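Contents: one structure, followed by commentary.
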Amino acid sequence: MSSVSAHFARLPVGHGLERGAALALTLDGRTVTAYEGETVAALLLAEGHVATRRTRGGSPRGVYCGMGVCFDCLVVVDGVPNTRACVTWVLEGMDVARQDGLVPAAGAQ
Ligand code: FES
């Protein structure tokens, strides 16, 4: 899955902006740092990934509404597919993967 070459850098702290504690988690199998208070969507953007998933037909999708309504930002979190990145807080040790194609819910045929 492609990513943008220039990262969406996090805003610098200071001038009233604070950042939570650093957390270690994995993104597509790579150890990355996120900060308490960030969503998975914010982490993906900070790591340069505009597309959080690809559709069954291969089209990229990413954050659209940013508030849990459109379901375009689906990712796999700790093995659970179809998790909305924009409304999921990062946690220490979390395993995040960008989703590729249609992933049926557990128990679905
Ligand atoms: S961006 Fe719309 S549900 Fe996450």
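Chain identifiers are assigned as A, B, and so on, following the order in which chains appear in the structure tokens; residues are numbered from 1 within each chain, and ligands are numbered from 1 in order of appearance.
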
Please produce, as JSON lines, a per-residue contact table for chain A versus ligand 1 (criterion: any atom at most 7 Å away, only C-alpha atoms and all ligand atoms considered), showing the nearest atom pair and its distance in Å to one decimal, sorted by chain then residue number.
{"residue": "A:Gly62", "atom": "CA", "partner": "ligand 1", "partner_atom_place_in_ligand_line": "1 (S)", "distance": 6.6}
{"residue": "A:Val63", "atom": "CA", "partner": "ligand 1", "partner_atom_place_in_ligand_line": "1 (S)", "distance": 3.8}
{"residue": "A:Tyr64", "atom": "CA", "partner": "ligand 1", "partner_atom_place_in_ligand_line": "1 (S)", "distance": 4.3}
{"residue": "A:Cys65", "atom": "CA", "partner": "ligand 1", "partner_atom_place_in_ligand_line": "2 (Fe)", "distance": 4.0}
{"residue": "A:Gly66", "atom": "CA", "partner": "ligand 1", "partner_atom_place_in_ligand_line": "1 (S)", "distance": 3.8}
{"residue": "A:Met67", "atom": "CA", "partner": "ligand 1", "partner_atom_place_in_ligand_line": "2 (Fe)", "distance": 5.6}
{"residue": "A:Gly68", "atom": "CA", "partner": "ligand 1", "partner_atom_place_in_ligand_line": "3 (S)", "distance": 3.4}
{"residue": "A:Val69", "atom": "CA", "partner": "ligand 1", "partner_atom_place_in_ligand_line": "3 (S)", "distance": 4.4}
{"residue": "A:Cys70", "atom": "CA", "partner": "ligand 1", "partner_atom_place_in_ligand_line": "2 (Fe)", "distance": 3.8}
{"residue": "A:Phe71", "atom": "CA", "partner": "ligand 1", "partner_atom_place_in_ligand_line": "3 (S)", "distance": 3.8}
{"residue": "A:Asp72", "atom": "CA", "partner": "ligand 1", "partner_atom_place_in_ligand_line": "2 (Fe)", "distance": 5.2}
{"residue": "A:Cys73", "atom": "CA", "partner": "ligand 1", "partner_atom_place_in_ligand_line": "4 (Fe)", "distance": 4.5}
{"residue": "A:Leu74", "atom": "CA", "partner": "ligand 1", "partner_atom_place_in_ligand_line": "4 (Fe)", "distance": 7.0}
{"residue": "A:Arg84", "atom": "CA", "partner": "ligand 1", "partner_atom_place_in_ligand_line": "4 (Fe)", "distance": 5.1}
{"residue": "A:Ala85", "atom": "CA", "partner": "ligand 1", "partner_atom_place_in_ligand_line": "4 (Fe)", "distance": 5.7}
{"residue": "A:Cys86", "atom": "CA", "partner": "ligand 1", "partner_atom_place_in_ligand_line": "4 (Fe)", "distance": 4.3}
{"residue": "A:Val87", "atom": "CA", "partner": "ligand 1", "partner_atom_place_in_ligand_line": "4 (Fe)", "distance": 6.6}

What does the file look like for those residues with C-alpha atoms, as a compact mmCIF listing (two decimals), in the first residue's frame?
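Output saved as part.txt:
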# COMPACT_ATOMS: atom_id res chain seq x y z
CA GLY A 62 -8.75 7.13 4.26
CA VAL A 63 -10.08 9.61 6.76
CA TYR A 64 -13.08 11.39 5.30
CA CYS A 65 -15.52 12.49 8.02
CA GLY A 66 -13.11 12.12 10.94
CA MET A 67 -15.95 11.51 13.37
CA GLY A 68 -16.99 7.87 13.02
CA VAL A 69 -19.77 8.21 10.47
CA CYS A 70 -18.47 7.25 7.01
CA PHE A 71 -16.49 4.06 7.80
CA ASP A 72 -13.85 4.96 5.19
CA CYS A 73 -10.97 4.78 7.69
CA LEU A 74 -11.19 1.08 8.55
CA ARG A 84 -12.65 2.93 12.61
CA ALA A 85 -9.26 4.64 12.95
CA CYS A 86 -10.76 8.07 13.56
CA VAL A 87 -12.56 7.10 16.76

Please provide as a PyMOL selection string all residues within 9 Å of Thr33 of chain A, with the sequence filter that same-chain residues fewer than 6 positions apart are discarded (counting only C-alpha atoms).
chain A and resi 22-26+43

Those selected residues, please, written with N, CA and C atoms and delivered as a PDB file, in the first residue's frame.
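Saved result, part.pdb, follows:
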ATOM      1  N   ALA A  22       4.516   9.197  25.534  1.00  0.00           N
ATOM      2  CA  ALA A  22       4.874   8.394  24.364  1.00  0.00           C
ATOM      3  C   ALA A  22       4.457   6.941  24.588  1.00  0.00           C
ATOM      4  N   LEU A  23       3.932   6.337  23.545  1.00  0.00           N
ATOM      5  CA  LEU A  23       3.487   4.948  23.589  1.00  0.00           C
ATOM      6  C   LEU A  23       4.160   4.198  22.447  1.00  0.00           C
ATOM      7  N   ALA A  24       4.528   2.954  22.694  1.00  0.00           N
ATOM      8  CA  ALA A  24       5.112   2.113  21.634  1.00  0.00           C
ATOM      9  C   ALA A  24       4.043   1.157  21.131  1.00  0.00           C
ATOM     10  N   LEU A  25       3.860   1.138  19.832  1.00  0.00           N
ATOM     11  CA  LEU A  25       2.930   0.188  19.232  1.00  0.00           C
ATOM     12  C   LEU A  25       3.442  -0.197  17.853  1.00  0.00           C
ATOM     13  N   THR A  26       2.748  -1.093  17.190  1.00  0.00           N
ATOM     14  CA  THR A  26       3.203  -1.507  15.863  1.00  0.00           C
ATOM     15  C   THR A  26       2.197  -1.051  14.815  1.00  0.00           C
ATOM     16  N   LEU A  43      -2.232   8.867  14.147  1.00  0.00           N
ATOM     17  CA  LEU A  43      -0.965   8.149  14.028  1.00  0.00           C
ATOM     18  C   LEU A  43      -0.667   7.837  12.564  1.00  0.00           C
TER      19      LEU A  43
END

Surrounding residues of Thr88 of chain A excluding itself and chain neighbours under 6 positions, 9 Å, only C-alpha atoms, as JSON, numbers by chain:
{"A": [38, 39, 40, 41]}

Would you write out those residues with N, CA and C atoms, as an mmCIF file, in the first residue's frame?
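Final output, again-v5.cif:
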data_model
loop_
_atom_site.group_PDB
_atom_site.id
_atom_site.type_symbol
_atom_site.label_atom_id
_atom_site.label_comp_id
_atom_site.auth_asym_id
_atom_site.auth_seq_id
_atom_site.Cartn_x
_atom_site.Cartn_y
_atom_site.Cartn_z
ATOM 1 N N GLU A 38 -3.917 10.581 21.106
ATOM 2 C CA GLU A 38 -4.041 10.556 19.648
ATOM 3 C C GLU A 38 -4.987 9.428 19.228
ATOM 4 N N THR A 39 -5.628 9.593 18.097
ATOM 5 C CA THR A 39 -6.394 8.494 17.513
ATOM 6 C C THR A 39 -5.465 7.701 16.592
ATOM 7 N N VAL A 40 -5.922 6.523 16.216
ATOM 8 C CA VAL A 40 -5.172 5.717 15.250
ATOM 9 C C VAL A 40 -5.062 6.478 13.925
ATOM 10 N N ALA A 41 -6.102 7.214 13.564
ATOM 11 C CA ALA A 41 -6.054 8.011 12.333
ATOM 12 C C ALA A 41 -4.945 9.061 12.400
#

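With only C-alpha atoms as the basis for measurement, A:Val96 is the residue among A:Ala51, A:Val80, A:Val96, A:Leu17 that approaches Val32 of chain A most closely.
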
From a DSSP calculation on the backbone, collect every residue of chain A in alpha helix (DSSP H) and output the set as JSON, numbers by chain.
{"A": [40, 41, 42, 43, 44, 45, 46]}

Preceding selection exported with N, CA and C atoms as a PDB file, in the first residue's frame:
ATOM      1  N   VAL A  40      -5.922   6.523  16.216  1.00  0.00           N
ATOM      2  CA  VAL A  40      -5.172   5.717  15.250  1.00  0.00           C
ATOM      3  C   VAL A  40      -5.062   6.478  13.925  1.00  0.00           C
ATOM      4  N   ALA A  41      -6.102   7.214  13.564  1.00  0.00           N
ATOM      5  CA  ALA A  41      -6.054   8.011  12.333  1.00  0.00           C
ATOM      6  C   ALA A  41      -4.945   9.061  12.400  1.00  0.00           C
ATOM      7  N   ALA A  42      -4.799   9.713  13.536  1.00  0.00           N
ATOM      8  CA  ALA A  42      -3.741  10.712  13.697  1.00  0.00           C
ATOM      9  C   ALA A  42      -2.374  10.057  13.571  1.00  0.00           C
ATOM     10  N   LEU A  43      -2.232   8.867  14.147  1.00  0.00           N
ATOM     11  CA  LEU A  43      -0.965   8.149  14.028  1.00  0.00           C
ATOM     12  C   LEU A  43      -0.667   7.837  12.564  1.00  0.00           C
ATOM     13  N   LEU A  44      -1.645   7.333  11.835  1.00  0.00           N
ATOM     14  CA  LEU A  44      -1.431   6.992  10.431  1.00  0.00           C
ATOM     15  C   LEU A  44      -0.998   8.223   9.636  1.00  0.00           C
ATOM     16  N   LEU A  45      -1.677   9.337   9.851  1.00  0.00           N
ATOM     17  CA  LEU A  45      -1.302  10.559   9.131  1.00  0.00           C
ATOM     18  C   LEU A  45       0.099  11.017   9.521  1.00  0.00           C
ATOM     19  N   ALA A  46       0.422  10.942  10.819  1.00  0.00           N
ATOM     20  CA  ALA A  46       1.758  11.337  11.273  1.00  0.00           C
ATOM     21  C   ALA A  46       2.833  10.444  10.671  1.00  0.00           C
TER      22      ALA A  46
END

Exercise: Thr55 of chain A partners within 8 Å, only C-alpha atoms, chain neighbours under 4 positions left out, as a VMD selection string:
chain A and resid 59 to 61 100 to 102

Members of chain A assigned strand (DSSP E) by DSSP, as a short mmCIF file (atom, residue, chain, number, x, y, z; two decimals) with C-alpha atoms, in the first residue's frame:
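result.cif was written with the following content:
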data_model
loop_
_atom_site.label_atom_id
_atom_site.label_comp_id
_atom_site.auth_asym_id
_atom_site.auth_seq_id
_atom_site.Cartn_x
_atom_site.Cartn_y
_atom_site.Cartn_z
CA ALA A 22 4.87 8.39 24.36
CA LEU A 23 3.49 4.95 23.59
CA ALA A 24 5.11 2.11 21.63
CA LEU A 25 2.93 0.19 19.23
CA THR A 26 3.20 -1.51 15.86
CA LEU A 27 1.94 -0.26 12.53
CA ARG A 30 6.89 -1.85 12.37
CA THR A 31 7.40 -0.35 15.84
CA VAL A 32 6.28 3.27 15.94
CA THR A 33 5.74 5.94 18.57
CA ALA A 34 2.35 7.47 19.20
CA TYR A 35 1.19 9.75 21.98
CA ALA A 51 -4.84 5.64 2.89
CA THR A 52 -5.91 3.56 5.84
CA ARG A 53 -7.24 0.75 3.67
CA ARG A 54 -7.98 -0.43 0.16
CA PRO A 60 -7.49 3.64 -1.52
CA ARG A 61 -9.65 5.00 1.27
CA GLY A 62 -8.75 7.13 4.26
CA LEU A 74 -11.19 1.08 8.55
CA VAL A 75 -8.07 -0.64 9.87
CA VAL A 76 -7.23 -3.84 11.70
CA VAL A 77 -6.52 -3.26 15.41
CA VAL A 80 -10.00 -6.99 14.77
CA PRO A 81 -10.87 -5.83 11.23
CA ASN A 82 -13.21 -2.98 10.32
CA THR A 83 -12.11 -0.78 13.23
CA ARG A 84 -12.65 2.93 12.61
CA ASP A 95 -1.06 -3.70 16.86
CA VAL A 96 -2.41 -1.65 13.93
CA ALA A 97 -2.49 -2.75 10.30
CA ARG A 98 -3.88 -1.02 7.27
CA GLN A 99 -6.72 -3.09 5.90
CA ASP A 100 -6.62 -4.60 2.43
#

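For the set A:Pro104, A:Gly37, A:Pro12, A:Gly58, the residue with the smallest atom-to-atom gap to Glu92 of chain A is A:Gly37, counting only C-alpha atoms.
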